[in-house]
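Enquirer: Encoded as structure tokens, here's the structure I'll be asking about.
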Amino acid sequence: MNTHDYAVSDLLTFLEASREETRHAVVALSAAESLTDEVAKRLAITAGLKSDYAERLIHALHFSDFVIERNSEWHFAARVHPVLNESLRDDTRLYQATHTLLAELASEPALFDTGEEIPAYLLSGVGAAYHQSALSSQQGLKLYVNASRNELSGTQWLLGRLAIEQQEQGILSPTAIEPPYLRGMTLYREGRIKEAEPLLRRVADSQQIREEVAIACHLVGRIDSHTSSTWGHAEELLRRSLAIEKELNVKY
């Protein structure tokens, strides 16, 4: 059994030995990509725990093998988070309540300004997109696009990863171009062209008249122009990119 399997085993053992309200609270914490103790306490209370018990639970989690510390923030281990998150998605009331709280915190942090530490992802535009998508996919996709226009950073990497994750979970439509565009553009800007290519091709294949499609057509066209067998396809993509640019009256 490897380290990841031990983490899952330890989590299941912990949950089996816990009271029902404690299990609900731990599941609620998985709504967040990253946590501070203050935000974790809010989520635990939302799940039904009293304040003092929520504090004791969070303190105990810090000593577990399935929690990863990261500066002043922490999160569940990679193998553990999906297990909890699946349980959260099965509980409609708790799912709505936790994502509503986190979406409000991401959109209006001043409403919660009581000296609490707030996870960085909630303040970067990523949190608003991620949690609003859980409540309304259409609204969330708009926020993903807005956040993607910031400069390349670790935030952009997280943005693309979370968008793809939500698409794979069925939260975002499988035909939505925003997730593959966000992830593909981040990889392309990092110079990871081979990883970016299949994602950008998904966008370029879309028949939508959108700026993202034009950019993807241009980039994939340039990739295909490097191989003689795909010159014809490269020309088609580049011409389509120009046609969309003209129709939208935008410049790249």
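Identifiers in the structure tokens: chain A, B, ... in order shown; residue index from 1 per chain; ligand index from 1 in order shown.
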Would you please give, as a PyMOL selection string, all residues of stretch 60-152 of chain A that DSSP assigns to alpha helix (DSSP H) based on the backbone?

Expert: chain A and resi 60-61+80-90+92-107+126-135+137-148

Enquirer: Using only N, CA and C atoms, please write the residues we just selected to a file, as a compact mmCIF listing (two decimals), in the first residue's frame.

Expert:
# COMPACT_ATOMS: atom_id res chain seq x y z
N ALA A 60 -7.87 18.74 15.11
CA ALA A 60 -7.56 17.32 14.96
C ALA A 60 -7.12 17.00 13.53
N LEU A 61 -7.74 17.63 12.55
CA LEU A 61 -7.41 17.36 11.14
C LEU A 61 -5.96 17.71 10.83
N VAL A 80 -7.50 11.91 -1.40
CA VAL A 80 -8.59 12.03 -0.44
C VAL A 80 -9.67 13.00 -0.92
N HIS A 81 -9.25 14.10 -1.50
CA HIS A 81 -10.20 15.14 -1.88
C HIS A 81 -11.32 14.64 -2.79
N PRO A 82 -11.03 13.86 -3.85
CA PRO A 82 -12.12 13.37 -4.71
C PRO A 82 -13.12 12.48 -3.98
N VAL A 83 -12.65 11.70 -3.01
CA VAL A 83 -13.53 10.84 -2.23
C VAL A 83 -14.54 11.68 -1.46
N LEU A 84 -14.05 12.72 -0.81
CA LEU A 84 -14.92 13.61 -0.05
C LEU A 84 -15.82 14.42 -0.97
N ASN A 85 -15.25 14.89 -2.07
CA ASN A 85 -16.00 15.75 -2.98
C ASN A 85 -17.15 15.01 -3.65
N GLU A 86 -16.96 13.74 -3.90
CA GLU A 86 -18.05 12.94 -4.47
C GLU A 86 -19.20 12.84 -3.49
N SER A 87 -18.87 12.66 -2.21
CA SER A 87 -19.90 12.61 -1.18
C SER A 87 -20.63 13.95 -1.08
N LEU A 88 -19.88 15.03 -1.23
CA LEU A 88 -20.49 16.36 -1.18
C LEU A 88 -21.47 16.55 -2.33
N ARG A 89 -21.10 16.13 -3.52
CA ARG A 89 -21.98 16.29 -4.68
C ARG A 89 -23.26 15.46 -4.53
N ASP A 90 -23.19 14.40 -3.74
CA ASP A 90 -24.37 13.56 -3.51
C ASP A 90 -25.34 14.19 -2.49
N THR A 92 -27.17 17.35 -1.96
CA THR A 92 -27.53 18.58 -2.67
C THR A 92 -27.59 19.79 -1.74
N ARG A 93 -28.20 19.62 -0.58
CA ARG A 93 -28.33 20.76 0.34
C ARG A 93 -26.97 21.26 0.79
N LEU A 94 -26.11 20.35 1.21
CA LEU A 94 -24.79 20.74 1.70
C LEU A 94 -23.94 21.30 0.56
N TYR A 95 -24.05 20.70 -0.61
CA TYR A 95 -23.32 21.18 -1.78
C TYR A 95 -23.68 22.63 -2.09
N GLN A 96 -24.97 22.92 -2.12
CA GLN A 96 -25.42 24.29 -2.41
C GLN A 96 -24.98 25.25 -1.31
N ALA A 97 -25.10 24.84 -0.06
CA ALA A 97 -24.77 25.73 1.06
C ALA A 97 -23.29 26.08 1.10
N THR A 98 -22.43 25.08 0.90
CA THR A 98 -20.99 25.33 1.00
C THR A 98 -20.49 26.17 -0.18
N HIS A 99 -20.95 25.86 -1.37
CA HIS A 99 -20.50 26.63 -2.53
C HIS A 99 -21.08 28.05 -2.53
N THR A 100 -22.27 28.21 -1.99
CA THR A 100 -22.83 29.56 -1.85
C THR A 100 -21.98 30.40 -0.91
N LEU A 101 -21.62 29.81 0.23
CA LEU A 101 -20.76 30.53 1.18
C LEU A 101 -19.44 30.92 0.54
N LEU A 102 -18.79 29.99 -0.16
CA LEU A 102 -17.48 30.26 -0.74
C LEU A 102 -17.58 31.22 -1.92
N ALA A 103 -18.66 31.14 -2.70
CA ALA A 103 -18.86 32.08 -3.81
C ALA A 103 -19.06 33.50 -3.28
N GLU A 104 -19.80 33.62 -2.19
CA GLU A 104 -20.00 34.94 -1.57
C GLU A 104 -18.70 35.48 -1.02
N LEU A 105 -17.93 34.62 -0.40
CA LEU A 105 -16.64 35.03 0.15
C LEU A 105 -15.69 35.48 -0.95
N ALA A 106 -15.71 34.77 -2.09
CA ALA A 106 -14.84 35.12 -3.21
C ALA A 106 -15.27 36.42 -3.88
N SER A 107 -16.58 36.66 -3.93
CA SER A 107 -17.10 37.84 -4.63
C SER A 107 -17.13 39.08 -3.75
N VAL A 126 -10.15 33.10 -9.30
CA VAL A 126 -10.32 31.66 -9.48
C VAL A 126 -11.47 31.15 -8.62
N GLY A 127 -11.51 31.57 -7.37
CA GLY A 127 -12.52 31.09 -6.45
C GLY A 127 -13.93 31.45 -6.90
N ALA A 128 -14.11 32.69 -7.37
CA ALA A 128 -15.43 33.11 -7.83
C ALA A 128 -15.89 32.24 -9.00
N ALA A 129 -14.99 31.97 -9.95
CA ALA A 129 -15.34 31.15 -11.12
C ALA A 129 -15.66 29.72 -10.70
N TYR A 130 -14.83 29.16 -9.85
CA TYR A 130 -14.98 27.76 -9.44
C TYR A 130 -16.28 27.55 -8.67
N HIS A 131 -16.54 28.37 -7.67
CA HIS A 131 -17.70 28.15 -6.82
C HIS A 131 -19.00 28.62 -7.47
N GLN A 132 -18.94 29.66 -8.30
CA GLN A 132 -20.15 30.07 -9.00
C GLN A 132 -20.55 29.02 -10.03
N SER A 133 -19.56 28.34 -10.63
CA SER A 133 -19.86 27.26 -11.58
C SER A 133 -20.65 26.14 -10.92
N ALA A 134 -20.36 25.89 -9.66
CA ALA A 134 -21.08 24.85 -8.93
C ALA A 134 -22.55 25.21 -8.73
N LEU A 135 -22.83 26.51 -8.75
CA LEU A 135 -24.20 26.99 -8.54
C LEU A 135 -24.91 27.29 -9.86
N SER A 137 -23.60 26.99 -14.00
CA SER A 137 -22.49 26.77 -14.93
C SER A 137 -22.32 27.93 -15.89
N GLN A 138 -23.41 28.53 -16.34
CA GLN A 138 -23.31 29.63 -17.30
C GLN A 138 -22.63 30.84 -16.68
N GLN A 139 -23.02 31.18 -15.47
CA GLN A 139 -22.37 32.30 -14.78
C GLN A 139 -20.91 31.98 -14.48
N GLY A 140 -20.65 30.74 -14.10
CA GLY A 140 -19.29 30.35 -13.79
C GLY A 140 -18.37 30.43 -14.99
N LEU A 141 -18.85 30.01 -16.16
CA LEU A 141 -18.02 30.06 -17.37
C LEU A 141 -17.62 31.49 -17.71
N LYS A 142 -18.54 32.43 -17.51
CA LYS A 142 -18.21 33.84 -17.76
C LYS A 142 -17.09 34.30 -16.84
N LEU A 143 -17.15 33.88 -15.59
CA LEU A 143 -16.12 34.27 -14.63
C LEU A 143 -14.79 33.60 -14.95
N TYR A 144 -14.83 32.36 -15.44
CA TYR A 144 -13.59 31.70 -15.86
C TYR A 144 -12.92 32.50 -16.97
N VAL A 145 -13.69 32.94 -17.95
CA VAL A 145 -13.12 33.71 -19.06
C VAL A 145 -12.53 35.03 -18.55
N ASN A 146 -13.26 35.71 -17.67
CA ASN A 146 -12.75 36.98 -17.13
C ASN A 146 -11.44 36.77 -16.39
N ALA A 147 -11.37 35.73 -15.58
CA ALA A 147 -10.15 35.47 -14.80
C ALA A 147 -9.00 35.05 -15.70
N SER A 148 -9.29 34.46 -16.85
CA SER A 148 -8.23 33.99 -17.74
C SER A 148 -7.48 35.12 -18.40

Enquirer: Taking the DSSP secondary structure from the backbone, can you list the residues of stretch 34-206 of chain A that are strand (DSSP E), as a list in words?

Expert: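 Everything in stretch 34-206 of chain A that counts as strand (DSSP E) is Val67, Ile68, Glu69, Arg70, Glu73, Trp74, His75 and Phe76 of chain A.
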
Enquirer: What lies within 8 Å of A:Leu248 using only C-alpha atoms, ignoring chain neighbours under 4 positions off, as a PyMOL selection string?

Expert: chain A and resi 209-211+244

Enquirer: Can you work out which one of A:Ala243, A:Leu182, A:Val250, A:Ala47 has the shortest atom-to-atom distance to A:Arg149, counting only C-alpha atoms?

Expert: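 Of the candidates, the smallest distance to A:Arg149 is held by A:Leu182.
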
Enquirer: Would you list the contacts of A:Gly160 as a ChimeraX atom specification, taking every protein, DNA or RNA residue within 10 Å and counting only C-alpha atoms, but skipping same-chain residues closer than 5 positions in sequence?

Expert: /A:126,144,148,155,165,178-187

Enquirer: Could those selected residues go to a file with N, CA and C atoms, as a short mmCIF file (atom, residue, chain, number, x, y, z; two decimals), in the first residue's frame?

Expert:
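Result file follows (selection.cif):
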data_model
loop_
_atom_site.label_atom_id
_atom_site.label_comp_id
_atom_site.auth_asym_id
_atom_site.auth_seq_id
_atom_site.Cartn_x
_atom_site.Cartn_y
_atom_site.Cartn_z
N VAL A 126 -10.15 33.10 -9.30
CA VAL A 126 -10.32 31.66 -9.48
C VAL A 126 -11.47 31.15 -8.62
N TYR A 144 -14.83 32.36 -15.44
CA TYR A 144 -13.59 31.70 -15.86
C TYR A 144 -12.92 32.50 -16.97
N SER A 148 -9.29 34.46 -16.85
CA SER A 148 -8.23 33.99 -17.74
C SER A 148 -7.48 35.12 -18.40
N THR A 155 -1.85 31.24 -10.72
CA THR A 155 -3.30 31.36 -10.69
C THR A 155 -3.92 30.85 -11.98
N GLU A 165 -11.43 20.01 -14.36
CA GLU A 165 -11.94 19.12 -13.31
C GLU A 165 -13.46 19.19 -13.26
N GLU A 178 -14.58 26.68 -22.88
CA GLU A 178 -13.78 27.45 -21.93
C GLU A 178 -12.74 26.59 -21.19
N PRO A 179 -13.13 25.41 -20.64
CA PRO A 179 -12.13 24.62 -19.91
C PRO A 179 -10.92 24.21 -20.75
N PRO A 180 -11.12 23.59 -21.94
CA PRO A 180 -9.93 23.23 -22.73
C PRO A 180 -9.16 24.46 -23.21
N TYR A 181 -9.84 25.57 -23.44
CA TYR A 181 -9.15 26.78 -23.86
C TYR A 181 -8.26 27.30 -22.73
N LEU A 182 -8.80 27.39 -21.53
CA LEU A 182 -8.04 27.90 -20.40
C LEU A 182 -6.82 27.03 -20.11
N ARG A 183 -7.04 25.73 -20.06
CA ARG A 183 -5.94 24.82 -19.76
C ARG A 183 -4.93 24.80 -20.91
N GLY A 184 -5.45 24.76 -22.14
CA GLY A 184 -4.57 24.72 -23.30
C GLY A 184 -3.71 25.97 -23.42
N MET A 185 -4.29 27.13 -23.18
CA MET A 185 -3.53 28.38 -23.29
C MET A 185 -2.46 28.48 -22.22
N THR A 186 -2.77 28.00 -21.02
CA THR A 186 -1.76 28.03 -19.96
C THR A 186 -0.57 27.17 -20.35
N LEU A 187 -0.83 25.96 -20.83
CA LEU A 187 0.25 25.06 -21.25
C LEU A 187 1.02 25.64 -22.43
#

Enquirer: Would you kindly return, as a list in words, each protein, DNA or RNA residue with an atom no farther than 9 Å from any atom of A:Gly48, considering only C-alpha atoms and excluding same-chain residues fewer than 5 positions away?

Expert: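 Close residues of A:Gly48: Glu21, Thr22, His24, Ala25 and Leu43 of chain A.
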
Enquirer: Could you please determine the separation between atom CA of A:Ala40 and atom CA of A:Ala54 in Å, to one decimal place?

Expert: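 Straight-line distance from atom CA of A:Ala40 to atom CA of A:Ala54 works out to 8.4 Å.
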
Enquirer: Can you work out which one of A:Ala28, A:Val213, A:Leu219, A:Leu35 has the shortest atom-to-atom distance to A:Asp91, counting only C-alpha atoms?

Expert: A:Ala28

Enquirer: As an NGL selection string, please: the residues near A:Arg240 (cut-off 12 Å, only C-alpha atoms, same-chain neighbours under 4 positions excluded).

Expert: :A and (204-211 or 213-221 or 233-236 or 244-247)

Enquirer: Would you mind exporting N, CA and C atoms of the selected residues as a tab-separated table (two decimals), in the first residue's frame?

Expert:
chain	number	residue	atom	x	y	z
A	204	ALA	N	-10.55	24.63	-31.45
A	204	ALA	CA	-10.51	24.97	-32.87
A	204	ALA	C	-11.59	24.23	-33.65
A	205	ASP	N	-12.00	23.06	-33.18
A	205	ASP	CA	-13.03	22.27	-33.86
A	205	ASP	C	-14.43	22.84	-33.65
A	206	SER	N	-14.58	23.76	-32.68
A	206	SER	CA	-15.89	24.35	-32.40
A	206	SER	C	-16.35	25.21	-33.58
A	207	GLN	N	-17.64	25.21	-33.83
A	207	GLN	CA	-18.21	26.03	-34.90
A	207	GLN	C	-18.69	27.39	-34.39
A	208	GLN	N	-18.42	27.67	-33.13
A	208	GLN	CA	-18.83	28.96	-32.56
A	208	GLN	C	-17.98	30.10	-33.12
A	209	ILE	N	-18.59	31.25	-33.26
A	209	ILE	CA	-17.88	32.45	-33.70
A	209	ILE	C	-17.46	33.21	-32.45
A	210	ARG	N	-16.29	32.86	-31.94
A	210	ARG	CA	-15.81	33.45	-30.70
A	210	ARG	C	-14.31	33.71	-30.77
A	211	GLU	N	-13.87	34.67	-29.99
A	211	GLU	CA	-12.46	35.04	-29.97
A	211	GLU	C	-11.58	33.85	-29.59
A	213	VAL	N	-12.08	30.75	-30.15
A	213	VAL	CA	-11.98	29.83	-31.29
A	213	VAL	C	-10.98	30.37	-32.31
A	214	ALA	N	-11.02	31.67	-32.55
A	214	ALA	CA	-10.09	32.28	-33.49
A	214	ALA	C	-8.64	32.09	-33.04
A	215	ILE	N	-8.40	32.30	-31.76
A	215	ILE	CA	-7.04	32.15	-31.23
A	215	ILE	C	-6.59	30.70	-31.34
A	216	ALA	N	-7.48	29.77	-30.98
A	216	ALA	CA	-7.13	28.35	-31.07
A	216	ALA	C	-6.85	27.94	-32.51
A	217	CYS	N	-7.67	28.42	-33.45
A	217	CYS	CA	-7.45	28.11	-34.87
A	217	CYS	C	-6.09	28.63	-35.32
A	218	HIS	N	-5.73	29.82	-34.88
A	218	HIS	CA	-4.45	30.41	-35.26
A	218	HIS	C	-3.29	29.58	-34.71
A	219	LEU	N	-3.37	29.21	-33.44
A	219	LEU	CA	-2.26	28.47	-32.83
A	219	LEU	C	-2.13	27.06	-33.39
A	220	VAL	N	-3.26	26.38	-33.55
A	220	VAL	CA	-3.21	25.02	-34.11
A	220	VAL	C	-2.78	25.07	-35.56
A	221	GLY	N	-3.22	26.11	-36.28
A	221	GLY	CA	-2.78	26.28	-37.67
A	221	GLY	C	-1.28	26.44	-37.77
A	233	HIS	N	-4.58	21.62	-43.93
A	233	HIS	CA	-5.40	21.87	-42.74
A	233	HIS	C	-4.96	23.13	-42.03
A	234	ALA	N	-3.65	23.37	-42.01
A	234	ALA	CA	-3.13	24.58	-41.38
A	234	ALA	C	-3.67	25.82	-42.07
A	235	GLU	N	-3.71	25.78	-43.40
A	235	GLU	CA	-4.22	26.93	-44.15
A	235	GLU	C	-5.70	27.17	-43.84
A	236	GLU	N	-6.48	26.08	-43.77
A	236	GLU	CA	-7.91	26.21	-43.45
A	236	GLU	C	-8.11	26.86	-42.09
A	244	ILE	N	-13.06	34.78	-38.51
A	244	ILE	CA	-13.69	35.07	-37.22
A	244	ILE	C	-13.26	36.45	-36.73
A	245	GLU	N	-11.97	36.74	-36.89
A	245	GLU	CA	-11.44	38.04	-36.49
A	245	GLU	C	-12.18	39.16	-37.21
A	246	LYS	N	-12.40	38.96	-38.50
A	246	LYS	CA	-13.09	39.98	-39.28
A	246	LYS	C	-14.53	40.13	-38.82
A	247	GLU	N	-15.22	39.00	-38.60
A	247	GLU	CA	-16.62	39.03	-38.19
A	247	GLU	C	-16.81	39.68	-36.84
